[in-house]
>>> print(open('work.cif').read())   # mmCIF, C-alpha atoms and all ligand atoms
data_protein
#
loop_
_atom_site.group_PDB
_atom_site.id
_atom_site.type_symbol
_atom_site.label_atom_id
_atom_site.label_comp_id
_atom_site.auth_asym_id
_atom_site.auth_seq_id
_atom_site.Cartn_x
_atom_site.Cartn_y
_atom_site.Cartn_z
ATOM 1 C CA MET A 21 -62.399 -10.806 -15.374
ATOM 2 C CA ASP A 22 -59.794 -11.361 -18.090
ATOM 3 C CA GLU A 23 -57.975 -9.107 -20.507
ATOM 4 C CA THR A 24 -59.876 -10.070 -23.676
ATOM 5 C CA THR A 25 -63.306 -9.615 -22.140
ATOM 6 C CA LEU A 26 -62.155 -6.326 -20.674
ATOM 7 C CA ARG A 27 -60.839 -5.043 -24.004
ATOM 8 C CA ASN A 28 -64.015 -6.086 -25.804
ATOM 9 C CA ARG A 29 -66.257 -4.408 -23.268
ATOM 10 C CA LEU A 30 -64.352 -1.116 -23.475
ATOM 11 C CA THR A 31 -63.866 -1.009 -27.277
ATOM 12 C CA ASP A 32 -66.270 1.843 -27.926
ATOM 13 C CA LEU A 33 -64.366 4.126 -25.551
ATOM 14 C CA ASN A 34 -61.319 4.036 -27.849
ATOM 15 C CA LEU A 35 -58.808 3.979 -25.017
ATOM 16 C CA PRO A 36 -55.293 4.089 -26.480
ATOM 17 C CA ALA A 37 -53.723 1.465 -24.197
ATOM 18 C CA LEU A 38 -54.776 -0.967 -21.513
ATOM 19 C CA ARG A 39 -53.001 -3.260 -19.078
ATOM 20 C CA TYR A 40 -54.782 -5.899 -17.039
ATOM 21 C CA PHE A 41 -53.435 -7.858 -14.058
ATOM 22 C CA ASP A 42 -55.029 -10.669 -12.082
ATOM 23 C CA THR A 43 -52.919 -9.582 -9.142
ATOM 24 C CA VAL A 44 -50.806 -6.509 -8.732
ATOM 25 C CA GLY A 45 -49.202 -4.482 -5.936
ATOM 26 C CA SER A 46 -50.945 -1.208 -6.703
ATOM 27 C CA THR A 47 -52.429 -0.147 -10.043
ATOM 28 C CA ASN A 48 -51.346 3.428 -9.237
ATOM 29 C CA ASP A 49 -47.698 2.310 -8.998
ATOM 30 C CA ILE A 50 -47.939 0.586 -12.381
ATOM 31 C CA ALA A 51 -49.539 3.664 -13.931
ATOM 32 C CA LEU A 52 -47.017 6.106 -12.396
ATOM 33 C CA GLU A 53 -44.171 4.003 -13.778
ATOM 34 C CA TRP A 54 -45.951 3.822 -17.124
ATOM 35 C CA VAL A 55 -46.193 7.632 -17.215
ATOM 36 C CA LEU A 56 -42.392 7.741 -17.089
ATOM 37 C CA ASN A 57 -42.268 5.221 -19.914
ATOM 38 C CA GLY A 58 -44.564 7.090 -22.284
ATOM 39 C CA ALA A 59 -48.107 6.057 -21.332
ATOM 40 C CA PRO A 60 -50.500 8.065 -23.506
ATOM 41 C CA ASP A 61 -53.416 10.113 -22.222
ATOM 42 C CA LEU A 62 -56.195 7.717 -21.085
ATOM 43 C CA ALA A 63 -53.944 4.691 -20.739
ATOM 44 C CA LEU A 64 -55.704 2.374 -18.301
ATOM 45 C CA VAL A 65 -54.493 -0.109 -15.706
ATOM 46 C CA VAL A 66 -57.004 -2.552 -14.208
ATOM 47 C CA ALA A 67 -56.463 -5.263 -11.615
ATOM 48 C CA ASP A 68 -58.707 -7.912 -10.137
ATOM 49 C CA GLN A 69 -56.790 -7.914 -6.867
ATOM 50 C CA GLN A 70 -54.246 -5.608 -5.212
ATOM 51 C CA GLN A 71 -51.664 -6.833 -2.714
ATOM 52 C CA SER A 72 -50.624 -3.375 -1.561
ATOM 53 C CA GLY A 73 -53.397 -1.054 -2.676
ATOM 54 C CA ARG A 74 -52.859 2.440 -1.352
ATOM 55 C CA GLY A 75 -55.127 5.056 0.149
ATOM 56 C CA ARG A 76 -54.064 8.562 1.068
ATOM 57 C CA LEU A 77 -51.344 9.372 3.604
ATOM 58 C CA GLY A 78 -49.913 5.862 3.542
ATOM 59 C CA ARG A 79 -53.215 4.254 4.426
ATOM 60 C CA GLN A 80 -54.162 0.886 2.962
ATOM 61 C CA TRP A 81 -56.825 0.171 0.361
ATOM 62 C CA VAL A 82 -58.124 -3.401 0.286
ATOM 63 C CA THR A 83 -58.968 -4.969 -3.100
ATOM 64 C CA ARG A 84 -60.002 -8.596 -2.870
ATOM 65 C CA PRO A 85 -60.346 -10.854 -5.945
ATOM 66 C CA ASN A 86 -63.613 -11.149 -7.855
ATOM 67 C CA SER A 87 -65.342 -8.524 -5.810
ATOM 68 C CA ALA A 88 -64.201 -5.032 -6.682
ATOM 69 C CA LEU A 89 -62.886 -2.649 -9.281
ATOM 70 C CA ALA A 90 -59.368 -1.285 -8.950
ATOM 71 C CA LEU A 91 -58.175 0.932 -11.754
ATOM 72 C CA SER A 92 -55.795 3.736 -12.564
ATOM 73 C CA LEU A 93 -56.282 6.059 -15.489
ATOM 74 C CA VAL A 94 -53.401 8.112 -16.876
ATOM 75 C CA ILE A 95 -54.189 11.730 -17.643
ATOM 76 C CA ARG A 96 -51.741 13.851 -19.601
ATOM 77 C CA PRO A 97 -53.091 17.208 -18.509
ATOM 78 C CA THR A 98 -53.793 19.849 -21.134
ATOM 79 C CA PRO A 99 -52.490 23.373 -20.390
ATOM 80 C CA ASP A 100 -55.942 24.269 -19.020
ATOM 81 C CA GLU A 101 -56.052 21.189 -16.829
ATOM 82 C CA VAL A 102 -52.593 21.794 -15.381
ATOM 83 C CA ASN A 103 -54.060 24.579 -13.250
ATOM 84 C CA ARG A 104 -56.839 22.312 -12.023
ATOM 85 C CA LEU A 105 -55.079 19.107 -11.037
ATOM 86 C CA ALA A 106 -56.795 19.088 -7.648
ATOM 87 C CA LEU A 107 -60.166 18.817 -9.360
ATOM 88 C CA PHE A 108 -59.549 15.398 -10.914
ATOM 89 C CA SER A 109 -60.396 13.590 -7.702
ATOM 90 C CA PRO A 110 -63.851 15.228 -7.475
ATOM 91 C CA LEU A 111 -64.209 14.713 -11.230
ATOM 92 C CA ALA A 112 -64.020 10.971 -10.676
ATOM 93 C CA ALA A 113 -66.411 11.262 -7.745
ATOM 94 C CA VAL A 114 -68.927 13.236 -9.813
ATOM 95 C CA ALA A 115 -68.704 10.657 -12.630
ATOM 96 C CA LEU A 116 -69.215 7.740 -10.241
ATOM 97 C CA HIS A 117 -72.036 9.589 -8.537
ATOM 98 C CA GLN A 118 -73.792 9.949 -11.887
ATOM 99 C CA VAL A 119 -73.451 6.277 -12.793
ATOM 100 C CA LEU A 120 -74.563 4.921 -9.419
ATOM 101 C CA THR A 121 -77.529 7.256 -9.380
ATOM 102 C CA GLU A 122 -78.605 6.575 -12.954
ATOM 103 C CA ASN A 123 -77.942 2.822 -13.047
ATOM 104 C CA PHE A 124 -79.082 1.834 -9.581
ATOM 105 C CA GLY A 125 -81.043 4.764 -8.157
ATOM 106 C CA LEU A 126 -78.835 4.718 -5.071
ATOM 107 C CA PRO A 127 -78.550 7.538 -2.516
ATOM 108 C CA VAL A 128 -75.019 8.564 -3.463
ATOM 109 C CA GLN A 129 -73.022 11.370 -1.877
ATOM 110 C CA ILE A 130 -69.550 12.747 -2.291
ATOM 111 C CA LYS A 131 -67.604 13.040 0.916
ATOM 112 C CA TRP A 132 -65.074 15.816 0.549
ATOM 113 C CA PRO A 133 -62.352 15.480 -0.466
ATOM 114 C CA ASN A 134 -62.233 12.068 -2.073
ATOM 115 C CA ASP A 135 -64.791 9.434 -1.103
ATOM 116 C CA VAL A 136 -68.048 8.267 -2.632
ATOM 117 C CA LEU A 137 -70.697 7.201 -0.135
ATOM 118 C CA VAL A 138 -73.869 5.185 -0.532
ATOM 119 C CA ASP A 139 -76.271 5.180 2.412
ATOM 120 C CA ARG A 140 -73.618 7.285 4.181
ATOM 121 C CA LYS A 141 -71.099 4.448 3.879
ATOM 122 C CA LYS A 142 -67.942 4.399 1.808
ATOM 123 C CA VAL A 143 -68.306 2.475 -1.424
ATOM 124 C CA SER A 144 -65.358 3.952 -3.257
ATOM 125 C CA GLY A 145 -62.069 5.714 -2.582
ATOM 126 C CA ILE A 146 -60.074 7.858 -4.964
ATOM 127 C CA LEU A 147 -56.344 8.493 -4.957
ATOM 128 C CA VAL A 148 -54.916 10.955 -7.447
ATOM 129 C CA GLU A 149 -51.145 11.103 -7.800
ATOM 130 C CA VAL A 150 -49.001 13.210 -10.070
ATOM 131 C CA GLN A 151 -45.709 12.337 -11.680
ATOM 132 C CA TRP A 152 -43.666 15.542 -11.798
ATOM 133 C CA GLU A 153 -40.665 16.541 -13.821
ATOM 134 C CA GLY A 154 -39.321 19.534 -11.952
ATOM 135 C CA GLN A 155 -42.245 21.935 -11.750
ATOM 136 C CA THR A 156 -44.077 20.310 -14.667
ATOM 137 C CA PRO A 157 -46.700 17.628 -14.178
ATOM 138 C CA LEU A 158 -45.745 14.875 -16.604
ATOM 139 C CA GLY A 159 -48.860 12.907 -15.937
ATOM 140 C CA LEU A 160 -51.607 12.438 -13.428
ATOM 141 C CA VAL A 161 -52.787 9.038 -12.254
ATOM 142 C CA LEU A 162 -56.397 8.814 -11.228
ATOM 143 C CA GLY A 163 -56.766 5.728 -9.069
ATOM 144 C CA ILE A 164 -60.127 4.508 -7.934
ATOM 145 C CA GLY A 165 -61.315 1.510 -5.979
ATOM 146 C CA ILE A 166 -64.979 0.518 -5.965
ATOM 147 C CA ASN A 167 -66.560 -2.153 -3.776
ATOM 148 C CA ILE A 168 -68.869 -4.206 -5.972
ATOM 149 C CA ALA A 169 -69.711 -7.328 -3.952
ATOM 150 C CA PRO A 170 -70.161 -7.504 -0.164
ATOM 151 C CA SER A 171 -66.961 -9.586 0.059
ATOM 152 C CA ALA A 172 -64.995 -6.497 -1.088
ATOM 153 C CA VAL A 173 -65.681 -4.734 2.193
ATOM 154 C CA PRO A 174 -62.916 -5.166 4.789
ATOM 155 C CA PRO A 175 -63.790 -6.166 8.362
ATOM 156 C CA THR A 176 -65.005 -3.298 10.529
ATOM 157 C CA ASP A 177 -61.870 -3.248 12.664
ATOM 158 C CA GLN A 178 -59.840 -2.332 9.562
ATOM 159 C CA LEU A 179 -62.051 0.619 8.715
ATOM 160 C CA LEU A 180 -61.823 4.249 9.739
ATOM 161 C CA PHE A 181 -65.271 4.961 8.297
ATOM 162 C CA PRO A 182 -68.253 2.642 7.683
ATOM 163 C CA ALA A 183 -68.149 0.902 4.299
ATOM 164 C CA THR A 184 -70.488 -0.948 1.980
ATOM 165 C CA SER A 185 -70.660 -2.378 -1.531
ATOM 166 C CA ILE A 186 -72.850 -1.545 -4.497
ATOM 167 C CA GLU A 187 -74.481 -4.968 -4.471
ATOM 168 C CA ALA A 188 -75.324 -4.699 -0.789
ATOM 169 C CA ALA A 189 -76.830 -1.259 -1.296
ATOM 170 C CA ALA A 190 -78.655 -2.087 -4.536
ATOM 171 C CA GLY A 191 -79.845 -5.502 -3.375
ATOM 172 C CA ARG A 192 -78.885 -7.163 -6.620
ATOM 173 C CA GLN A 193 -75.909 -8.445 -8.588
ATOM 174 C CA VAL A 194 -73.797 -5.923 -10.426
ATOM 175 C CA ASP A 195 -71.766 -6.556 -13.570
ATOM 176 C CA ARG A 196 -68.280 -5.201 -12.855
ATOM 177 C CA LEU A 197 -67.400 -4.652 -16.491
ATOM 178 C CA ASP A 198 -70.605 -2.777 -17.216
ATOM 179 C CA LEU A 199 -69.947 -0.545 -14.252
ATOM 180 C CA LEU A 200 -66.337 0.029 -15.311
ATOM 181 C CA HIS A 201 -67.474 0.906 -18.819
ATOM 182 C CA ASP A 202 -70.177 3.294 -17.655
ATOM 183 C CA PHE A 203 -67.894 4.954 -15.115
ATOM 184 C CA LEU A 204 -65.171 5.593 -17.699
ATOM 185 C CA ALA A 205 -67.731 6.866 -20.205
ATOM 186 C CA ALA A 206 -69.101 9.289 -17.597
ATOM 187 C CA LEU A 207 -65.589 10.415 -16.695
ATOM 188 C CA LEU A 208 -64.754 11.154 -20.336
ATOM 189 C CA GLU A 209 -68.015 13.046 -20.662
ATOM 190 C CA TRP A 210 -67.338 15.164 -17.571
ATOM 191 C CA ARG A 211 -63.665 15.856 -18.281
ATOM 192 C CA PRO A 212 -64.229 18.885 -20.570
ATOM 193 C CA GLN A 213 -66.376 20.340 -17.748
ATOM 194 C CA LEU A 214 -63.536 20.251 -15.219
ATOM 195 C CA GLY A 215 -63.796 23.449 -13.188
ATOM 196 C CA SER A 216 -66.999 24.622 -14.894
ATOM 197 C CA GLY A 217 -69.991 26.031 -13.051
ATOM 198 C CA GLU A 218 -71.952 22.864 -13.749
ATOM 199 C CA PHE A 219 -69.137 20.751 -12.355
ATOM 200 C CA PHE A 220 -68.970 22.687 -9.079
ATOM 201 C CA GLN A 221 -72.745 22.773 -8.788
ATOM 202 C CA THR A 222 -73.069 19.015 -9.242
ATOM 203 C CA TRP A 223 -70.272 18.394 -6.769
ATOM 204 C CA GLU A 224 -71.757 20.726 -4.176
ATOM 205 C CA ASP A 225 -75.339 19.511 -4.650
ATOM 206 C CA ASN A 226 -74.223 16.014 -3.775
ATOM 207 C CA LEU A 227 -71.831 16.826 -1.000
ATOM 208 C CA ALA A 228 -72.158 14.634 2.092
ATOM 209 C CA PHE A 229 -72.694 16.471 5.400
ATOM 210 C CA LEU A 230 -73.841 19.677 3.674
ATOM 211 C CA LYS A 231 -75.263 22.033 6.326
ATOM 212 C CA GLU A 232 -74.263 19.495 8.957
ATOM 213 C CA SER A 233 -71.861 19.898 11.781
ATOM 214 C CA VAL A 234 -68.484 18.215 11.234
ATOM 215 C CA ARG A 235 -65.059 17.960 12.752
ATOM 216 C CA ILE A 236 -62.056 18.182 10.488
ATOM 217 C CA GLU A 237 -58.578 17.140 11.460
ATOM 218 C CA SER A 238 -55.813 18.689 9.455
ATOM 219 C CA GLY A 239 -52.320 17.238 9.304
ATOM 220 C CA GLY A 240 -50.663 19.821 11.486
ATOM 221 C CA GLN A 241 -52.814 18.767 14.469
ATOM 222 C CA GLN A 242 -55.215 21.565 13.587
ATOM 223 C CA VAL A 243 -58.848 20.752 14.269
ATOM 224 C CA TYR A 244 -61.812 22.623 12.827
ATOM 225 C CA ASN A 245 -65.401 22.326 13.991
ATOM 226 C CA GLY A 246 -68.201 23.860 12.022
ATOM 227 C CA THR A 247 -71.021 23.518 9.545
ATOM 228 C CA VAL A 248 -70.282 22.530 5.957
ATOM 229 C CA GLN A 249 -71.265 25.365 3.601
ATOM 230 C CA GLY A 250 -70.028 24.036 0.289
ATOM 231 C CA ILE A 251 -67.055 24.166 -2.032
ATOM 232 C CA ASP A 252 -65.191 27.216 -3.294
ATOM 233 C CA PRO A 253 -63.963 27.544 -6.916
ATOM 234 C CA ASP A 254 -60.585 26.087 -5.952
ATOM 235 C CA GLY A 255 -62.172 22.962 -4.519
ATOM 236 C CA ASN A 256 -61.619 23.999 -0.894
ATOM 237 C CA LEU A 257 -64.254 23.091 1.672
ATOM 238 C CA ARG A 258 -66.122 26.085 3.121
ATOM 239 C CA LEU A 259 -66.780 25.629 6.815
ATOM 240 C CA LEU A 260 -68.740 27.985 9.065
ATOM 241 C CA GLU A 261 -67.259 27.990 12.552
ATOM 242 C CA PRO A 262 -69.469 28.567 15.630
ATOM 243 C CA THR A 263 -67.913 32.041 15.901
ATOM 244 C CA GLY A 264 -69.496 32.963 12.562
ATOM 245 C CA ASN A 265 -66.107 32.888 10.871
ATOM 246 C CA GLU A 266 -65.898 31.045 7.536
ATOM 247 C CA VAL A 267 -62.745 29.010 6.947
ATOM 248 C CA ARG A 268 -61.642 27.358 3.738
ATOM 249 C CA ILE A 269 -59.850 24.078 4.053
ATOM 250 C CA ALA A 270 -57.622 22.739 1.304
ATOM 251 C CA ALA A 271 -57.738 19.046 0.493
ATOM 252 C CA GLY A 272 -54.707 16.956 1.115
ATOM 253 C CA ASP A 273 -53.846 16.212 4.657
ATOM 254 C CA VAL A 274 -57.311 16.254 6.177
ATOM 255 C CA ARG A 275 -59.850 13.912 7.743
ATOM 256 C CA LEU A 276 -63.489 14.799 8.002
ATOM 257 C CA ARG A 277 -66.044 13.204 10.279
ATOM 258 C CA PRO A 278 -69.459 14.156 11.563
ATOM 259 C CA SER A 279 -69.604 15.888 14.920
ATOM 260 C CA GLU A 280 -71.058 13.965 17.791
ATOM 261 C CA GLY A 281 -74.769 14.483 18.106
ATOM 262 C CA THR A 282 -75.581 14.727 14.406
ATOM 263 C CA SER A 283 -77.909 12.151 12.943
ATOM 264 C CA THR A 284 -75.530 10.007 10.996
ATOM 265 C CA THR A 285 -74.341 6.455 10.727
ATOM 266 C CA ALA A 286 -70.737 7.542 10.503
ATOM 267 C CA THR A 287 -68.375 6.663 13.290
ATOM 268 C CA GLU A 288 -64.622 6.897 13.368
ATOM 269 C CA ILE A 289 -62.547 8.179 10.459
HETATM 270 C C1 LIG B 301 -58.828 6.269 -0.297
HETATM 271 O O1 LIG B 301 -57.905 6.598 0.650
HETATM 272 O O2 LIG B 301 -60.001 6.098 -0.103
HETATM 273 C C2 LIG B 301 -58.238 6.094 -1.691
HETATM 274 C C3 LIG B 301 -58.302 4.673 -2.166
HETATM 275 C C4 LIG B 301 -57.805 4.544 -3.572
HETATM 276 C C5 LIG B 301 -57.737 3.114 -4.018
HETATM 277 C C6 LIG B 301 -57.416 2.967 -5.476
HETATM 278 S S1 LIG B 301 -57.627 1.335 -6.026
HETATM 279 C C7 LIG B 301 -56.824 1.671 -7.501
HETATM 280 C C8 LIG B 301 -55.655 2.577 -7.154
HETATM 281 N N1 LIG B 301 -54.484 1.812 -6.774
HETATM 282 C C9 LIG B 301 -54.134 2.045 -5.491
HETATM 283 O O3 LIG B 301 -53.154 1.528 -4.913
HETATM 284 N N2 LIG B 301 -54.993 2.918 -4.946
HETATM 285 C C10 LIG B 301 -55.999 3.360 -5.891
HETATM 286 P P1 LIG B 301 -58.260 7.042 2.126
HETATM 287 O O4 LIG B 301 -59.259 8.147 2.104
HETATM 288 O O5 LIG B 301 -56.946 7.284 2.771
HETATM 289 O O6 LIG B 301 -58.984 5.792 2.756
HETATM 290 C C11 LIG B 301 -58.263 4.679 3.183
HETATM 291 C C12 LIG B 301 -59.080 4.022 4.275
HETATM 292 O O7 LIG B 301 -60.244 3.424 3.713
HETATM 293 C C13 LIG B 301 -58.373 2.899 4.983
HETATM 294 O O8 LIG B 301 -57.604 3.374 6.045
HETATM 295 C C14 LIG B 301 -59.530 2.033 5.467
HETATM 296 O O9 LIG B 301 -60.074 2.539 6.671
HETATM 297 C C15 LIG B 301 -60.563 2.231 4.393
HETATM 298 N N3 LIG B 301 -60.625 1.137 3.413
HETATM 299 C C16 LIG B 301 -59.637 0.337 2.954
HETATM 300 N N4 LIG B 301 -60.097 -0.494 2.006
HETATM 301 C C17 LIG B 301 -61.410 -0.230 1.872
HETATM 302 C C18 LIG B 301 -62.440 -0.756 1.057
HETATM 303 N N5 LIG B 301 -62.226 -1.722 0.166
HETATM 304 N N6 LIG B 301 -63.689 -0.223 1.208
HETATM 305 C C19 LIG B 301 -63.954 0.753 2.081
HETATM 306 N N7 LIG B 301 -63.014 1.302 2.882
HETATM 307 C C20 LIG B 301 -61.754 0.809 2.771
#
>>> encode(input="work.cif", output="structure tokens")
Amino acid sequence: MDETTLRNRLTDLNLPALRYFDTVGSTNDIALEWVLNGAPDLALVVADQQQSGRGRLGRQWVTRPNSALALSLVIRPTPDEVNRLALFSPLAAVALHQVLTENFGLPVQIKWPNDVLVDRKKVSGILVEVQWEGQTPLGLVLGIGINIAPSAVPPTDQLLFPATSIEAAAGRQVDRLDLLHDFLAALLEWRPQLGSGEFFQTWEDNLAFLKESVRIESGGQQVYNGTVQGIDPDGNLRLLEPTGNEVRIAAGDVRLRPSEGTSTTATEI
């Protein structure tokens, strides 16, 4: 990957600004800084490799050279979008779901709140961060990492959840730039649908562990066990507890994993 090829491949998307790095700490850090320095809506940061890629809650995201996509897209939220910032992470998941399904016919699922799975293994992680000025969101940074080649996948002992790559799942080589282009195009197409009925339906239809028994650990040591029912209009997960009580769990400080005894390849998260 190099900057000229990247620019040429993305020309038709008319992105206002683009920065490419062979190696970077974290593309989200670059984009958050750029927001403060006037990055326009849809400014894009792409890196071939990240030295300190970040997941949620201080976790690490591994991006090795020549094997993955690591990008951060700046969103300057419109007044409508300001009330729906939490939906940008699933927006990216829905867009990636569409591309992986259409281009490769893969069994793709969205693991609430922020992962994309293929064959029940993590192929992509999403980290959305917001740069605030007081109570006002100056800009949102939508960061996404996608494992393209098998070499992108970290060793098992570094993983909280099983992982794979698109090439491993598809059984063929994948052009990173084509995938980047198609993902961004799908994201731009879905953006006006943020929070719409179609958006929620698509998200819910492709939700991993739907109707399955899961265990959810929330930050405050709270643990929920129950059956996944779907998503509510605020993006919360609806969980039916064994008592018959339905709880709604907000994204953020949560970890979801299948309960023991369900038929799944998932292990520890
Ligand atoms: C995420 O966090 O999945 C969000 C990852 C976001 C990465 C993008 S890359 C571009 C942008 N710049 C950044 O610095 N970040 C964003 P979380 O749900 O917390 O998952 C993190 C966990 O995923 C780790 O603790 C590992 O277990 C696992 N992991 C790390 N690297 C992985 C990889 N390449 N593939 C699959 N799993 C990985």
>>> residues_around(input="work.cif", residues="segment 23-25 of chain A", least_positions_apart="2", cutoff="9 Å", atoms="all atoms listed in the file", output="MDAnalysis selection string")
chainID A and resid 21 27:30 38:41 197
>>> residues_near_ligand(input="work.cif", ligand="ligand LIG 301 (chain B)", cutoff="8 Å", atoms="only C-alpha atoms and all ligand atoms", output="PyMOL selection string")
chain A and resi 45-49+66+70+72-84+88-92+134-135+142-148+162-167+172-174+178-185+289
>>> closest_atom_pairs(input="work.cif", of="segment 83-192 of chain A", to="segment 53-58 of chain A", cutoff="10 Å", atoms="only C-alpha atoms", output="JSON lines")
{"residue": "A:Val94", "atom": "CA", "partner": "A:Val55", "partner_atom": "CA", "distance": 7.2}
{"residue": "A:Ile95", "atom": "CA", "partner": "A:Val55", "partner_atom": "CA", "distance": 9.0}
{"residue": "A:Arg96", "atom": "CA", "partner": "A:Val55", "partner_atom": "CA", "distance": 8.7}
{"residue": "A:Val150", "atom": "CA", "partner": "A:Val55", "partner_atom": "CA", "distance": 9.5}
{"residue": "A:Gln151", "atom": "CA", "partner": "A:Val55", "partner_atom": "CA", "distance": 7.3}
{"residue": "A:Trp152", "atom": "CA", "partner": "A:Leu56", "partner_atom": "CA", "distance": 9.5}
{"residue": "A:Glu153", "atom": "CA", "partner": "A:Leu56", "partner_atom": "CA", "distance": 9.5}
{"residue": "A:Leu158", "atom": "CA", "partner": "A:Val55", "partner_atom": "CA", "distance": 7.3}
{"residue": "A:Gly159", "atom": "CA", "partner": "A:Val55", "partner_atom": "CA", "distance": 6.0}
{"residue": "A:Leu160", "atom": "CA", "partner": "A:Val55", "partner_atom": "CA", "distance": 8.2}
{"residue": "A:Val161", "atom": "CA", "partner": "A:Val55", "partner_atom": "CA", "distance": 8.4}
>>> residues_around(input="work.cif", residues="Ala188 of chain A", least_positions_apart="6", cutoff="9 Å", atoms="all atoms listed in the file", output="JSON, numbers by chain")
{"A": [168, 169, 170]}
>>> write_last_selection(input="work.cif", atoms="C-alpha atoms", output="compact mmCIF listing (two decimals), in the frame of the given file")
# COMPACT_ATOMS: atom_id res chain seq x y z
CA ILE A 168 -68.87 -4.21 -5.97
CA ALA A 169 -69.71 -7.33 -3.95
CA PRO A 170 -70.16 -7.50 -0.16
>>> resolve_selection(input="work.cif", expression="the PyMOL selection byres (((chain A and resi 42) around 7) and not hetatm)", output="list in words")
Tyr40, Phe41, Thr43, Val44, Ala67, Asp68 and Gln69 of chain A
>>> closest_residue(input="work.cif", among="A:Ile186, A:Leu227, A:Leu204, A:Val267", to="Gly246 of chain A", atoms="all atoms listed in the file")
A:Val267
>>> atom_distance(input="work.cif", atom1="atom CA of Ala206 of chain A", atom2="atom CA of Gln118 of chain A")
7.4 Å
>>> closest_residue(input="work.cif", among="A:Pro99, A:Val114, A:Asp22, A:Ala63", to="Glu209 of chain A", atoms="all atoms listed in the file")
A:Val114
>>> residues_around(input="work.cif", residues="Gln221 of chain A", least_positions_apart="5", cutoff="9 Å", atoms="all atoms listed in the file", output="list in words")
Ser216, Asn226 and Ile251 of chain A
>>> atom_distance(input="work.cif", atom1="atom CA of Ala37 of chain A", atom2="atom CA of Leu64 of chain A")
6.3 Å
>>> residues_around(input="work.cif", residues="Arg268 of chain A", least_positions_apart="5", cutoff="7 Å", atoms="all atoms listed in the file", output="PyMOL selection string")
chain A and resi 256-259
>>> atom_distance(input="work.cif", atom1="atom CA of Gly154 of chain A", atom2="atom CA of Ala271 of chain A")
22.2 Å
>>> closest_residue(input="work.cif", among="A:Gln249, A:Gln129, A:Ser109, A:Gln213", to="Val234 of chain A", atoms="all atoms listed in the file")
A:Gln249
>>> resolve_selection(input="work.cif", expression="the PyMOL selection byres (((chain A and resi 232) around 6) and not hetatm)", output="PyMOL selection string")
chain A and resi 229-231+233+247-248
>>> closest_residue(input="work.cif", among="A:Pro175, A:Glu101, A:Leu214, A:Ala189", to="Val138 of chain A", atoms="only C-alpha atoms")
A:Ala189
>>> residues_around(input="work.cif", residues="Pro212 of chain A", least_positions_apart="3", cutoff="12 Å", atoms="all atoms listed in the file", output="PyMOL selection string")
chain A and resi 97-98+100-101+104+107-108+111+206-209+215-219
>>> closest_residue(input="work.cif", among="A:Ala59, A:Leu93, A:Ala228, A:Val194", to="His117 of chain A", atoms="only C-alpha atoms")
A:Ala228
